[in-house]
Amino acid sequence: MTNPAILSDTVALGIAQPLKASWRATRTARGAAPDPAALSADTLWLDARVPGTALQALQGSAAWTAVTPMPLHEDDVWYETAFEACPGQKLRFLGLAGLAEVWIDGECVAVSTSMFLPLAIDLATGGTVRLSICFRSLFAAMAATSERPRWRTRLVTTNALRLYRQTLLGHMPGWCPSFHAIGPFRPVELVDRPGILQSWRFATHMRGNDGILSVNLTFSGSAARFRALTLSVGTVVFALEDVRDGSIAAEVTLPDVARWWPHTHGEAILHMVSLSDGTTELALGQVGFREATIRRGEDETDFALEMNGVSVFCRGACWTSADLLGLAGDREAYAPWLIALRDSGMNMVRVGGTMLYESQAFHDLCDELGIMVWQDLMFANLDYPLDSEPLRQQVIAEVEQLLSRLGGSPSFVVLCGGSEIAQQATMVGLTAERRQMPFFETVLPRLIRHLSPDLHYIPHSPWGGALPITVSAGVAHYYGVGAYRRPLEDARRAKVRFASECLAFANPPSSVSPAALKSDKAPRDHGVSWDFADIRDHYLGTLYGYEPVKLRLEDHARYLELSRAVTADLMESVFSEWRRPGSPCSGGLVWQLQDLASGSGWGVIDSHGHKKAAWHGLRRVLAPIQLLLSDEGMDGIALHVLNESPDAVSAVLSLDCLRRGAVSVVSAQQPVEIEPRSSASFSSQAILDSFFDITRAYHFGAPEHNVTIATLRCAKSGNILSEAFHFPVGRALPPDDLGMQATIVGIDSCWFIDIIAARFAQAVHIVADGYQADEDWFHLPPARPRRIRLREKRGWHEPPSGLVIAINGTTTVSFRAPRETGTATRTKTAALA
């Protein structure tokens with residue numbers, strides 16, 4: 001690399017800044033105002049936030065209601081502001097949701113029909129500039145189209161959405177509120193002088209043990225010149241050539257670079273990149289280096305991720321939105337959801353084609369938290385006319401922009417053409433020839449190989465078998481255990497290789513969440529006679545032996561308790577099967593992470609941010625150091641110890657079989673050594689070293705026990721690393737007085753609750769207004785105390801009080817802090833008898 005010249009006509013280094021202006025918005029009848037001058041003087045304007053949406057501006061006004069939000073796409077929406085400018089400056093709109101016209105001083109200077117592409121405008125004049133944006137009626141535009149698709153889908157309100165690059169959010173009845181996305185939902189920037197860094201692109205890959213970073217920098221002003229520019233990557237500084245034609249391209253090498261890992265397998269190591277001209281330093285973000293490989297197996301039916309040469313079981317959830325109303329894209333909006341995802345033991349998030357591309361802050365957080373990203377292009381279910389050249393070119397630009405933005409992000413591991421498009425074509429009965437989609441299956445692979453050779457692309461989700469809907473090959477949407485009401489054994493029988501969607505249930509919210517007021521509201525597929533509460537009820541009856549309808553009518557509180565417990569059981573059971581050594585499955589992504597509305601939604605976190613029982617069930621089964629059990633019938637129980645960490649595990653593995661949840665009828669233990677990032681399986685027959693019908697497979701006489709507890713303890717400290725449970729006669733344990741006690745403890749301004757029981761307590765949960773428990777819906781072995789942190793909700797200042805409940809208990813435990821004796825009282829409850 002040559003030494004940069006020090007030039008006399010240098011300019012100062014800078015970065016584009018958000019436009020500082022006050023915005024207002026209004027709604028008019030479609031076509032009522034063909035231009036800004038046609039807006040009447042008595043137009044009612046509302047203060048508006050940018051970035052933001054029109055619904056956000058309407059929130060709090062008399063016209064707003066979240067129950068029946070106004071259909072904004074019926075009409076036109078105007079935004080307006082004024083600012084001071086100089087000739088030659090540039091405006092950049094990073095995201096305009098809707099069919100947008102941009103007007104400068106009464107003249108229409110640009111039109112945008114894609115909310116997924118930025119828009120740049122050169123300002124020809126200076127002084128006070130009046131900027132108007134009109135978002136024309138999308139419904140009117142769609143009504144004017146007459147093209148017929150090869151198939152139709154019930155997912156959306158109108159199949160004409162296939163013609164426009166707009167989000168499907170707000171158009172999917174049955175599970176998504178009708179919040180229409182309209183407005184400048186991403187920042188508006190003003191590039192105000194030459195020398196501003198307009199854009200930068202990073203691309204990283206490994207060459208042996210060295211990290212290779214490719215850098216492309218683009219500045220405003222093609223003749224811009226700088227003093228000596230340097231690029232810092234971590235602690236290493238590289239000199240750059242002077243700018244030519246407004247851009248710099250460079251490749252730098254970091255020898256023996258520290259690699260990025262998903263948080264379940266190591267440290268998410270990142271390297272800060274900054275640019276300096278000697279007086280100003282610009283932080284450009286962080287990059288990471290890793291090798292990600294997809295293994296397809298000898299028969300090409302696997303879909304298994306290897307990271308840095310190590311097999312990684314991918315587990316996570318499908319993302320919806322951090323803010324459906326305003327489509328916020330800042331760290332504060334994303335952080336609580338992504339931290340909760342990581343804390344559950346998940347290591348992957350899928351941004352599906354029914355949603356929208358999230359901002360850079362989302363991907364930065366995933367990089368930092370060690371969460372891998374599966375990114376769909378924004379296509380789902382519809383027959384998109386990608387033989388239309390304008391739409392095709394728009395999508396190509398969209399892909400180029402996305403890959404340019406995420407090239408240095410180590411968490412970005414899979415790019416997918418879209419969601420359920422090939423599945424939809426297959427299930428309406430199209431032949432293989434008629435359902436071919438060359439753009440997804442031929443054009444995009446070539447483009448992506450050219451732009452990002454190391455990126456893993458698949459044309460569709462699901463995809464990979466004899467039919468796209470085959471679950472035993474490639475990438476599947478698995479709802480065998482779920483919508484198709486298959487028994488739990490189907491999770492093994494189906495031979496799923498990778499489930500990019502799975503386990504959709506109407507997961508009830510916590511009883512202390514505002515979402516619980518609508519717990520009877522459940523998502524449904526549009527046009528079917530059942531909803532997902534019916535699916536949950538099927539498993540409640542199957543696993544707990546109740547008649548759900550009768551229980552709901554006679555004891556609604558008990559019905560909700562068991563409904564919460566069964567969703568946690570389902571999550572834990574399926575992932576126990578999929579994660580065990582010997583399983584062909586390499587990953588599963590739950591549908592969904594968070595609800596879009598109050599009620600019993602698909603999310604494992606509700607729309608208010610409260611973690612549901614399903615989230616806690618996942619947390620029990622997704623840890624990097626994990627003990628799993630599988631019922632092998634007459635061969636007993638298999639105990640599987642997983643160690644995904646970079647360190648060896650020296651532990652003691654124990655088994656204890658209990659009668660009535662208290663009396664030990666057989667027990668044994670043995671030391672185990674598990675190497676880093678490896679696993680081992682053990683047989684209960686070998687551990688016990690004598691015959692015992694631990695799985696109740698032989699049915700010799702009455703059952704000797706009703707619960708088996710397996711525990712993995714650290715050999716050195718004795719701390720519990722993981723525990724797992726097996727119920728040989730079913731999960732419907734007989735009600736009993738568990739002898740449970742609870743004590744509130746305050747330590748360093750934090751509240752904890754200590755819980756202990758004399759008998760095995762099933763699905764223990766804590767009900768405390770204003771608090772969420774770090775652990776909930778857990779099984780508690782007898783005489784084994786558990787201390788759990790209680791976290792206050794924002795703005796809550798009262799000390800904790802409430803109940804501790806187990807679904808097999810005839811008593812509840814009440815607690816209140818402060819308390820003189822520290823021991824809670826126990827009260828009889830007929831509802832739990």
# chains A, B, ... in the order shown; residues from 1 in each chain; ligands from 1
$ select_by_dssp --residues "region 221-403 of chain A" --states "helix (DSSP H, G or I)" --output "count of residues only"
38
$ residues_around --residues "Arg660 (chain A)" --least-positions-apart "3" --cutoff "9 Å" --atoms "only C-alpha atoms" --output "list of chain:residue names"
A:Val663, A:His705, A:Asn706, A:Val707, A:Leu733, A:Pro734, A:Asp736, A:Arg759, A:Phe760
$ residues_around --residues "Ala806 (chain A)" --least-positions-apart "2" --cutoff "12 Å" --atoms "only C-alpha atoms" --output "NGL selection string"
:A and (558 or 561-562 or 564-565 or 733-741 or 755-757 or 759-767 or 776-781 or 803-804 or 808-813 or 829 or 831-833)
$ residues_around --residues "region 619-621 of chain A" --least-positions-apart "2" --cutoff "10 Å" --atoms "only C-alpha atoms" --output "ChimeraX atom specification"
/A:341-346,568,571-576,579,613-617,623-628,722-724,775-779
$ atom_distance --atom1 "CA of Leu406 (chain A)" --atom2 "CA of Ala249 (chain A)"
16.9 Å
$ closest_residue --among "A:Leu217, A:Ala140, A:Leu169, A:Leu55" --to "Thr320 (chain A)" --atoms "only C-alpha atoms"
A:Leu169
$ residues_around --residues "region 446-460 of chain A" --least-positions-apart "2" --cutoff "7 Å" --atoms "only C-alpha atoms" --output "ChimeraX atom specification"
/A:413-422,440-444,462-463
$ select_by_dssp --residues "region 72-312 of chain A" --states "strand (DSSP E)" --output "ChimeraX atom specification"
/A:76-85,90-93,99-104,107-112,119-122,127-136,188-191,196-207,210-219,230-233,236-239,247-254,271-276,281-287,292-295,304-307,310-312
$ closest_residue --among "A:Tyr479, A:Phe303, A:Phe379, A:Trp260" --to "Phe412 (chain A)" --atoms "only C-alpha atoms"
A:Trp260
$ closest_residue --among "A:Ala340, A:Ala85, A:Ala697, A:Val649" --to "Asp774 (chain A)" --atoms "only C-alpha atoms"
A:Ala340
$ closest_residue --among "A:Leu430, A:Asn308, A:Val652, A:Asp299" --to "Gly464 (chain A)" --atoms "only C-alpha atoms"
A:Asp299
